[in-house]
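Engineer: As input, take target.cif (mmCIF, C-alpha atoms):
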data_my_file
#
loop_
_atom_site.label_atom_id
_atom_site.label_comp_id
_atom_site.auth_asym_id
_atom_site.auth_seq_id
_atom_site.Cartn_x
_atom_site.Cartn_y
_atom_site.Cartn_z
CA MET A 589 -32.50 56.05 -20.62
CA ASN A 590 -32.16 52.39 -19.61
CA ASP A 591 -29.80 49.76 -20.99
CA GLN A 592 -32.52 48.01 -22.99
CA THR A 593 -33.49 51.22 -24.79
CA LEU A 594 -29.88 51.96 -25.63
CA ARG A 595 -29.40 48.50 -27.14
CA LEU A 596 -32.42 48.97 -29.37
CA THR A 597 -31.16 52.30 -30.68
CA ASN A 598 -27.86 50.70 -31.69
CA ALA A 599 -29.43 47.60 -33.26
CA GLU A 600 -31.67 49.53 -35.64
CA PRO A 601 -30.12 51.89 -38.24
CA LEU A 602 -30.66 55.52 -37.38
CA PRO A 603 -32.29 57.91 -39.85
CA VAL A 604 -29.61 60.04 -41.52
CA GLN A 605 -30.69 63.18 -39.65
CA ASP A 606 -30.24 61.37 -36.31
CA ARG A 607 -26.60 60.51 -37.00
CA ARG A 608 -25.38 64.03 -36.25
CA LEU A 609 -23.53 64.93 -33.06
CA ALA A 610 -25.63 67.13 -30.77
CA HIS A 611 -24.25 66.57 -27.25
CA VAL A 612 -20.97 65.53 -25.66
CA GLU A 613 -21.08 63.98 -22.21
CA ILE A 614 -18.12 63.11 -19.99
CA PHE A 615 -18.21 60.36 -17.38
CA GLU A 616 -15.60 60.04 -14.65
CA ASP A 617 -17.02 56.72 -13.44
CA LEU A 618 -17.08 53.57 -15.55
CA THR A 619 -20.35 52.32 -14.12
CA HIS A 620 -22.16 55.52 -15.11
CA ALA A 621 -20.88 55.15 -18.68
CA GLU A 622 -21.60 51.41 -18.84
CA PRO A 623 -25.13 51.58 -20.37
CA TYR A 624 -23.87 53.70 -23.28
CA TRP A 625 -20.77 51.50 -23.59
CA ARG A 626 -22.72 48.25 -23.68
CA ALA A 627 -25.07 49.69 -26.29
CA ILE A 628 -22.32 50.57 -28.73
CA GLU A 629 -19.54 48.02 -28.23
CA ASP A 630 -21.03 45.65 -30.82
CA GLY A 631 -20.49 48.29 -33.50
CA LEU A 632 -17.14 49.35 -35.00
CA ALA A 633 -14.71 48.61 -32.18
CA THR A 634 -11.66 46.51 -31.36
CA PRO A 635 -11.74 43.78 -28.68
CA TYR A 636 -9.35 45.88 -26.60
CA GLN A 637 -12.01 48.50 -25.95
CA ARG A 638 -14.60 46.11 -24.54
CA TYR A 639 -16.09 47.38 -21.30
CA ASP A 640 -15.27 44.24 -19.29
CA PHE A 641 -11.63 44.26 -20.39
CA LEU A 642 -10.96 47.91 -19.60
CA ARG A 643 -12.93 47.70 -16.35
CA LEU A 644 -10.50 45.04 -15.12
CA TRP A 645 -7.50 47.03 -16.36
CA GLN A 646 -8.69 50.17 -14.59
CA GLN A 647 -9.39 48.27 -11.37
CA HIS A 648 -6.06 46.48 -11.14
CA VAL A 649 -3.63 48.70 -13.09
CA GLY A 650 -5.07 52.10 -13.96
CA GLU A 651 -6.40 53.18 -10.58
CA PRO A 652 -3.21 52.23 -8.63
CA ALA A 653 -1.22 54.18 -11.26
CA GLY A 654 -3.30 57.33 -10.73
CA VAL A 655 -5.50 57.02 -13.85
CA THR A 656 -9.10 58.17 -13.50
CA PRO A 657 -11.81 57.39 -16.08
CA PHE A 658 -12.56 60.16 -18.57
CA ILE A 659 -15.17 58.56 -20.83
CA VAL A 660 -16.35 60.84 -23.64
CA VAL A 661 -19.69 59.96 -25.23
CA GLY A 662 -21.08 61.61 -28.37
CA LEU A 663 -24.88 61.75 -28.43
CA ASN A 664 -27.45 62.77 -31.01
CA ALA A 665 -30.37 65.12 -30.33
CA ALA A 666 -32.37 62.25 -28.82
CA ARG A 667 -29.36 61.44 -26.57
CA ALA A 668 -28.68 58.10 -28.26
CA PRO A 669 -24.94 57.24 -28.28
CA LEU A 670 -23.14 57.71 -31.58
CA PHE A 671 -19.60 57.01 -30.36
CA LEU A 672 -17.65 56.55 -27.15
CA CYS A 673 -14.02 57.42 -26.43
CA PRO A 674 -12.70 55.25 -23.56
CA PHE A 675 -10.18 57.74 -22.21
CA GLY A 676 -8.43 57.94 -18.88
CA ARG A 677 -6.91 61.04 -17.30
CA ARG A 678 -3.74 61.35 -15.24
CA TRP A 679 -1.23 63.95 -14.15
CA ILE A 680 2.14 64.10 -15.90
CA GLY A 681 4.02 66.85 -14.14
CA ARG A 682 1.62 69.79 -14.13
CA LEU A 683 -0.34 68.61 -17.14
CA ARG A 684 -3.66 66.78 -17.05
CA VAL A 685 -3.26 64.23 -19.83
CA ALA A 686 -6.08 62.23 -21.44
CA GLU A 687 -5.27 59.02 -23.29
CA PHE A 688 -6.88 55.70 -24.13
CA LEU A 689 -7.41 53.36 -21.18
CA GLY A 690 -5.36 50.17 -21.23
CA GLY A 691 -1.84 51.58 -21.31
CA THR A 692 0.84 49.31 -22.70
CA HIS A 693 -1.44 46.28 -22.43
CA VAL A 694 -3.48 47.44 -25.42
CA ASN A 695 -2.03 47.07 -28.92
CA PHE A 696 -4.83 48.93 -30.74
CA ASN A 697 -6.51 52.07 -29.46
CA MET A 698 -9.78 53.16 -31.01
CA ALA A 699 -13.05 54.81 -30.09
CA LEU A 700 -16.25 52.75 -30.30
CA TRP A 701 -18.60 53.78 -33.12
CA ARG A 702 -22.04 53.02 -34.40
CA CYS A 703 -21.45 51.38 -37.78
CA ASP A 704 -23.87 53.77 -39.50
CA VAL A 705 -22.23 56.84 -37.92
CA ALA A 706 -18.53 56.12 -38.50
CA PRO A 707 -18.63 56.68 -42.32
CA GLN A 708 -20.67 59.89 -42.05
CA ILE A 709 -19.18 61.87 -39.17
CA ASP A 710 -17.03 64.76 -40.36
CA ALA A 711 -13.90 66.50 -39.07
CA ALA A 712 -15.88 69.52 -37.85
CA GLU A 713 -17.92 67.32 -35.51
CA LEU A 714 -14.76 65.66 -34.19
CA ARG A 715 -13.12 69.03 -33.57
CA HIS A 716 -16.26 70.13 -31.73
CA MET A 717 -16.03 67.05 -29.53
CA PHE A 718 -12.43 67.81 -28.63
CA ALA A 719 -13.28 71.48 -28.03
CA CYS A 720 -15.72 70.32 -25.36
CA LEU A 721 -12.76 68.88 -23.43
CA ARG A 722 -11.03 72.24 -23.02
CA GLY A 723 -10.56 73.20 -19.41
CA LYS A 724 -10.79 69.55 -18.35
CA VAL A 725 -7.51 68.32 -19.84
CA ASP A 726 -4.33 70.05 -21.01
CA LEU A 727 -3.12 67.40 -23.47
CA ILE A 728 -4.77 64.53 -25.34
CA CYS A 729 -2.49 61.67 -26.44
CA LEU A 730 -4.11 59.36 -29.00
CA SER A 731 -1.49 56.79 -29.97
CA ASN A 732 -1.50 53.36 -31.66
CA GLN A 733 -4.74 53.78 -33.59
CA PRO A 734 -5.47 51.64 -36.65
CA LEU A 735 -6.19 53.62 -39.82
CA THR A 736 -8.83 51.04 -40.72
CA TRP A 737 -10.76 48.38 -38.84
CA GLU A 738 -13.06 45.70 -40.24
CA GLY A 739 -12.82 47.39 -43.65
CA ALA A 740 -13.93 50.79 -42.32
CA THR A 741 -11.79 53.91 -41.98
CA ASN A 742 -11.09 55.09 -38.45
CA PRO A 743 -12.95 58.45 -38.22
CA PHE A 744 -10.04 59.98 -36.28
CA ALA A 745 -8.02 59.65 -39.49
CA LEU A 746 -9.94 62.74 -40.67
CA LEU A 747 -7.82 64.79 -38.28
CA ALA A 748 -4.13 65.65 -38.58
CA HIS A 749 -2.09 62.58 -37.67
CA GLN A 750 1.21 60.79 -38.13
CA ARG A 751 2.07 57.13 -38.55
CA ALA A 752 2.80 55.15 -35.41
CA ALA A 753 6.29 53.82 -34.84
CA ASN A 754 5.02 50.24 -35.01
CA SER A 755 2.75 48.70 -37.61
CA GLY A 756 -0.13 46.34 -36.94
CA PHE A 757 -0.42 43.12 -38.92
CA SER A 758 -3.52 41.03 -39.46
CA GLY A 759 -4.80 38.19 -41.57
CA THR A 760 -7.83 35.98 -42.07
CA LEU A 761 -7.93 32.81 -40.01
CA VAL A 762 -9.26 29.72 -41.79
CA PRO A 763 -10.09 26.24 -40.45
CA ASP A 764 -7.44 24.55 -42.63
CA PHE A 765 -4.20 25.38 -40.81
CA ALA A 766 -2.01 23.78 -43.48
CA ALA A 767 -3.56 26.10 -46.07
CA LEU A 768 -3.07 29.09 -43.77
CA LEU A 769 0.58 28.21 -43.22
CA ARG A 770 1.19 27.83 -46.97
CA ALA A 771 -0.39 31.23 -47.61
CA ARG A 772 1.68 32.97 -44.92
CA THR A 773 5.10 31.33 -45.36
CA ASN A 774 7.39 30.12 -48.10
CA ALA A 775 8.66 26.58 -48.60
CA ALA A 776 12.04 27.29 -46.97
CA THR A 777 10.43 28.66 -43.83
CA ARG A 778 8.07 25.67 -43.54
CA LYS A 779 11.00 23.26 -43.95
CA LYS A 780 12.90 25.07 -41.20
CA MET A 781 9.88 24.96 -38.88
CA ARG A 782 9.39 21.21 -39.49
CA LYS A 783 13.03 20.62 -38.66
CA LYS A 784 12.70 22.53 -35.38
CA GLU A 785 9.49 20.68 -34.54
CA HIS A 786 11.21 17.34 -35.09
CA ALA A 787 14.09 18.47 -32.87
CA LEU A 788 11.62 19.31 -30.09
CA ALA A 789 9.97 15.93 -30.55
CA GLU A 790 13.32 14.24 -29.89
CA LEU A 791 13.19 15.77 -26.40
CA GLY A 792 9.73 14.41 -25.62
CA VAL A 793 6.08 14.38 -26.65
CA VAL A 794 5.09 17.76 -28.15
CA THR A 795 1.56 18.99 -27.41
CA PHE A 796 -0.29 22.24 -28.07
CA ALA A 797 -3.31 23.18 -26.00
CA SER A 798 -5.61 26.04 -25.08
CA ALA A 799 -6.08 26.52 -21.34
CA SER A 800 -9.74 25.70 -20.74
CA SER A 801 -9.83 25.04 -16.99
CA ALA A 802 -8.97 27.13 -13.94
CA ALA A 803 -6.04 24.84 -13.13
CA ALA A 804 -4.65 25.02 -16.67
CA THR A 805 -5.03 28.81 -16.68
CA ARG A 806 -3.05 29.12 -13.45
CA GLN A 807 -0.36 26.78 -14.76
CA VAL A 808 0.11 28.65 -18.03
CA LEU A 809 0.18 32.03 -16.30
CA ASP A 810 2.69 30.83 -13.69
CA VAL A 811 4.98 29.66 -16.48
CA PHE A 812 4.45 32.82 -18.53
CA PHE A 813 5.37 35.21 -15.70
CA LYS A 814 8.47 33.20 -14.80
CA GLN A 815 9.64 32.88 -18.41
CA LYS A 816 8.98 36.56 -19.14
CA ASN A 817 10.80 37.71 -16.00
CA THR A 818 13.81 35.53 -16.85
CA ARG A 819 13.88 36.94 -20.37
CA MET A 820 13.62 40.56 -19.21
CA ARG A 821 16.42 40.11 -16.68
CA ALA A 822 18.63 38.56 -19.36
CA LEU A 823 18.02 41.61 -21.57
CA GLY A 824 18.68 43.97 -18.66
CA ILE A 825 15.30 45.72 -18.96
CA ALA A 826 12.42 46.20 -16.55
CA ASP A 827 9.72 43.56 -16.49
CA VAL A 828 6.50 45.45 -17.23
CA PHE A 829 4.49 42.40 -16.14
CA ALA A 830 5.93 42.74 -12.62
CA GLN A 831 4.35 46.17 -12.10
CA PRO A 832 1.65 46.48 -9.40
CA GLY A 833 -1.67 44.93 -10.35
CA VAL A 834 -0.62 43.61 -13.76
CA ARG A 835 -0.67 39.93 -12.80
CA ARG A 836 -4.06 40.26 -11.10
CA PHE A 837 -5.44 42.05 -14.18
CA ILE A 838 -4.28 39.32 -16.57
CA GLU A 839 -5.42 36.55 -14.24
CA ALA A 840 -8.88 38.11 -13.95
CA ALA A 841 -9.20 38.64 -17.72
CA ALA A 842 -8.13 35.05 -18.38
CA SER A 843 -10.34 33.41 -15.78
CA GLU A 844 -13.38 35.57 -14.89
CA PRO A 845 -16.21 34.99 -17.40
CA THR A 846 -18.12 37.94 -18.84
CA LEU A 847 -21.90 38.25 -18.62
CA ALA A 848 -22.02 36.19 -21.82
CA GLY A 849 -19.87 33.48 -20.26
CA GLU A 850 -16.77 34.33 -22.33
CA ARG A 851 -13.16 34.68 -21.25
CA LEU A 852 -11.54 37.91 -22.34
CA ILE A 853 -8.01 36.53 -22.69
CA GLU A 854 -7.34 33.14 -24.24
CA LEU A 855 -4.17 31.32 -23.20
CA CYS A 856 -2.29 28.73 -25.26
CA ALA A 857 0.74 26.64 -24.40
CA LEU A 858 3.24 24.40 -26.21
CA SER A 859 4.66 21.62 -24.04
CA VAL A 860 7.34 18.98 -24.30
CA ASN A 861 6.22 16.15 -22.03
CA ASP A 862 5.00 18.06 -18.96
CA ILE A 863 7.25 21.11 -19.47
CA VAL A 864 5.61 24.23 -20.94
CA VAL A 865 8.18 25.63 -23.38
CA ALA A 866 6.16 28.49 -24.91
CA THR A 867 3.01 30.45 -24.12
CA MET A 868 0.74 32.87 -25.96
CA GLY A 869 -2.05 35.07 -24.66
CA GLY A 870 -4.48 37.14 -26.67
CA ILE A 871 -7.77 38.96 -26.36
CA VAL A 872 -10.72 37.50 -28.22
CA GLY A 873 -13.94 39.05 -29.48
CA GLY A 874 -15.86 39.74 -32.65
CA GLY A 875 -14.47 36.64 -34.36
CA ARG A 876 -10.93 37.92 -33.86
CA PHE A 877 -7.84 36.88 -31.88
CA CYS A 878 -5.41 39.70 -31.05
CA ALA A 879 -2.04 38.56 -29.73
CA MET A 880 -1.05 40.36 -26.52
CA PHE A 881 1.95 38.58 -25.02
CA ASN A 882 4.09 35.46 -25.31
CA SER A 883 7.06 33.76 -23.71
CA ILE A 884 9.50 30.93 -24.35
CA ALA A 885 11.64 28.75 -22.11
CA GLN A 886 15.34 29.48 -22.11
CA GLY A 887 18.10 26.91 -22.59
CA ARG A 888 17.91 23.91 -24.91
CA TYR A 889 14.25 24.51 -25.84
CA ALA A 890 14.83 28.10 -26.97
CA ILE A 891 17.18 26.90 -29.72
CA GLU A 892 14.21 25.35 -31.54
CA SER A 893 12.13 28.57 -31.50
CA PRO A 894 9.11 27.09 -29.68
CA GLY A 895 7.36 30.46 -29.86
CA GLU A 896 6.95 30.01 -33.62
#
Would you mind writing the file out in structure tokens?
Structural biologist:
Amino acid sequence: MNDQTLRLTNAEPLPVQDRRLAHVEIFEDLTHAEPYWRAIEDGLATPYQRYDFLRLWQQHVGEPAGVTPFIVVGLNAARAPLFLCPFGRRWIGRLRVAEFLGGTHVNFNMALWRCDVAPQIDAAELRHMFACLRGKVDLICLSNQPLTWEGATNPFALLAHQRAANSGFSGTLVPDFAALLRARTNAATRKKMRKKEHALAELGVVTFASASSAAATRQVLDVFFKQKNTRMRALGIADVFAQPGVRRFIEAAASEPTLAGERLIELCALSVNDIVVATMGGIVGGGRFCAMFNSIAQGRYAIESPGE
């Protein structure tokens, strides 16, 4: 089945009888799974599970860490994709463990679903899918999943689960930032933020910008990695961004355009004169911005909470 055919099957609603799981296929190579992935990633899915994003993560971070792709695709009787689980497999001791690709660089883990399949799949079908993985993995770790996404319930919530240690927070972005700020903060908080902004302005001209050029991207990333490393050392903890391949992964995601000409990671910076005092990076897609990482300068700038 070619990529064009797969895209057509996902664009048009399936008859009810064709929304049932009939086959489970496992791919241990991302390129072999790509046609199914591309066909379904415009359905119910988070930006973190986009093919281009996880391809870069696997290339620069996953593979050097011993992770191999373990992509599970649920198909109907006509072999059209109903859902895709972007798993990776690695050894932990003597156990073969499957988990979502992306590691600690992904805040939300979720399978990709056809929008007309997600509300109708049942727990028995999900248990059958997992039963098909027996003998290939010893443990499946499915952490940090949202209970709902885009107003739809995560189908995995049908299975036994427990709440994650950390909650996810979201809100609607609107063009009027002043209105957004009023809706999200109280008067005392806004007064405090204005005071801090004025204090920063006394140190120089304050500007906020999104990195739109290759040179700006390199500058913001250079500052981010230095600020983050300084902060981690001060806290006495390991800098996860210094691990092998992480910088190359983030650089690629922030600078290499997708087939549609988009950047996967958007970078923003707050500067005082020509000094970048805070950075923010997040993945974009589906009309959504998901914050991934941030940093602030230490010293006199940190007092004014430039990250806020």
Engineer: Counting all atoms listed in the file, which residues sit no farther than 10 Å from the position (9.3, 37.3, -19.8) in the file's frame? I'd like them as a list of chain:residue names.
Structural biologist: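 Those residues, ordered by chain and then number, are A:Val811, A:Phe812, A:Phe813, A:Lys814, A:Gln815, A:Lys816, A:Asn817, A:Thr818, A:Arg819, A:Met820, A:Arg821, A:Ala822, A:Leu823, A:Ala826, A:Asp827, A:Val828, A:Phe829, A:Ala830, A:Phe881, A:Asn882, A:Ser883, A:Ile884, A:Ala885.
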Engineer: The PyMOL selection byres ((chain A and resi 752) around 9) - which residues does that actually catch in the file I just gave you? List them as an MDAnalysis selection string.
Structural biologist: chainID A and resid 731:733 750:751 753:755
Engineer: Of the candidates A:Ala802, A:Leu689, A:Ala842, A:Ala627, which one gets nearest to Gly654 (chain A) if we count all atoms listed in the file?
Structural biologist: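 Using all atoms listed in the file, the shortest distance to Gly654 (chain A) belongs to A:Leu689.
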Engineer: Select, from A:Leu714, A:Ala799, A:Ala686, A:Ala706, the residue with the minimum atom-to-atom distance to Val612 (chain A), counting all atoms listed in the file.
Structural biologist: A:Leu714
Engineer: Would you pick out the contacts of Pro669 (chain A) at 8 Å or less, using only C-alpha atoms, so that residues sharing its chain but fewer than 4 positions from it are not included, and give the list as a list in words?
Structural biologist: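 Contacts, with the query itself left out: Leu594, Asn598, Tyr624, Ala627, Ile628, Val661, Gly662, Leu663, Asn664 and Arg702 of chain A.
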Engineer: Report, in Å with one decimal, the straight-line distance from CA of Arg677 (chain A) to CA of Ile871 (chain A).
Structural biologist: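 Separation between CA of Arg677 (chain A) and CA of Ile871 (chain A): 23.9 Å.
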Engineer: Of the candidates A:Asp617, A:Asp726, A:Asp640, A:Asp704, which one gets nearest to Ile680 (chain A) if we count all atoms listed in the file?
Structural biologist: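 Counting all atoms listed in the file, the residue closest to Ile680 (chain A) is A:Asp726.
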Engineer: Identify which of the residues A:Asp630, A:Glu892, A:Glu713, A:Asp810 lies closest to Arg608 (chain A), counting only C-alpha atoms when measuring atom-to-atom distances.
Structural biologist: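 Nearest candidate to Arg608 (chain A) out of A:Asp630, A:Glu892, A:Glu713, A:Asp810: A:Glu713.
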Engineer: What gap, in Å, lies between CA of Cys856 (chain A) and CA of Ala797 (chain A)?
Structural biologist: 5.7 Å
Engineer: Check the smallest atom-to-atom distance from each of A:Ala804, A:Ala633, A:Leu672, A:Val694 to Ala621 (chain A) using only C-alpha atoms, then report the winner.
Structural biologist: A:Leu672
Engineer: Care to translate the PyMOL selection byres ((chain A and resi 893) around 12) into actual residues of this file, as a list of chain:residue names?
Structural biologist: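 Selection result, ordered by chain and number: A:Lys780, A:Met781, A:Arg782, A:Lys783, A:Lys784, A:Glu785, A:His786, A:Ala787, A:Leu788, A:Leu858, A:Val865, A:Ala866, A:Thr867, A:Ser883, A:Ile884, A:Ala885, A:Gln886, A:Gly887, A:Arg888, A:Tyr889, A:Ala890, A:Ile891, A:Glu892, A:Pro894, A:Gly895, A:Glu896.
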Engineer: Can you write out as a Markdown table which residues of region 783-886 of chain A fall within 12 Å of region 759-769 of chain A, alongside each residue's closest atom pair and its distance in Å to one decimal, counting only C-alpha atoms and ordering rows by chain and ascending residue number?
Structural biologist:
| residue | atom | partner | partner_atom | distance |
| --- | --- | --- | --- | --- |
| A:Gly875 | CA | A:Leu761 | CA | 9.5 |
| A:Arg876 | CA | A:Leu761 | CA | 8.5 |
| A:Phe877 | CA | A:Leu761 | CA | 9.1 |
| A:Cys878 | CA | A:Gly759 | CA | 10.6 |
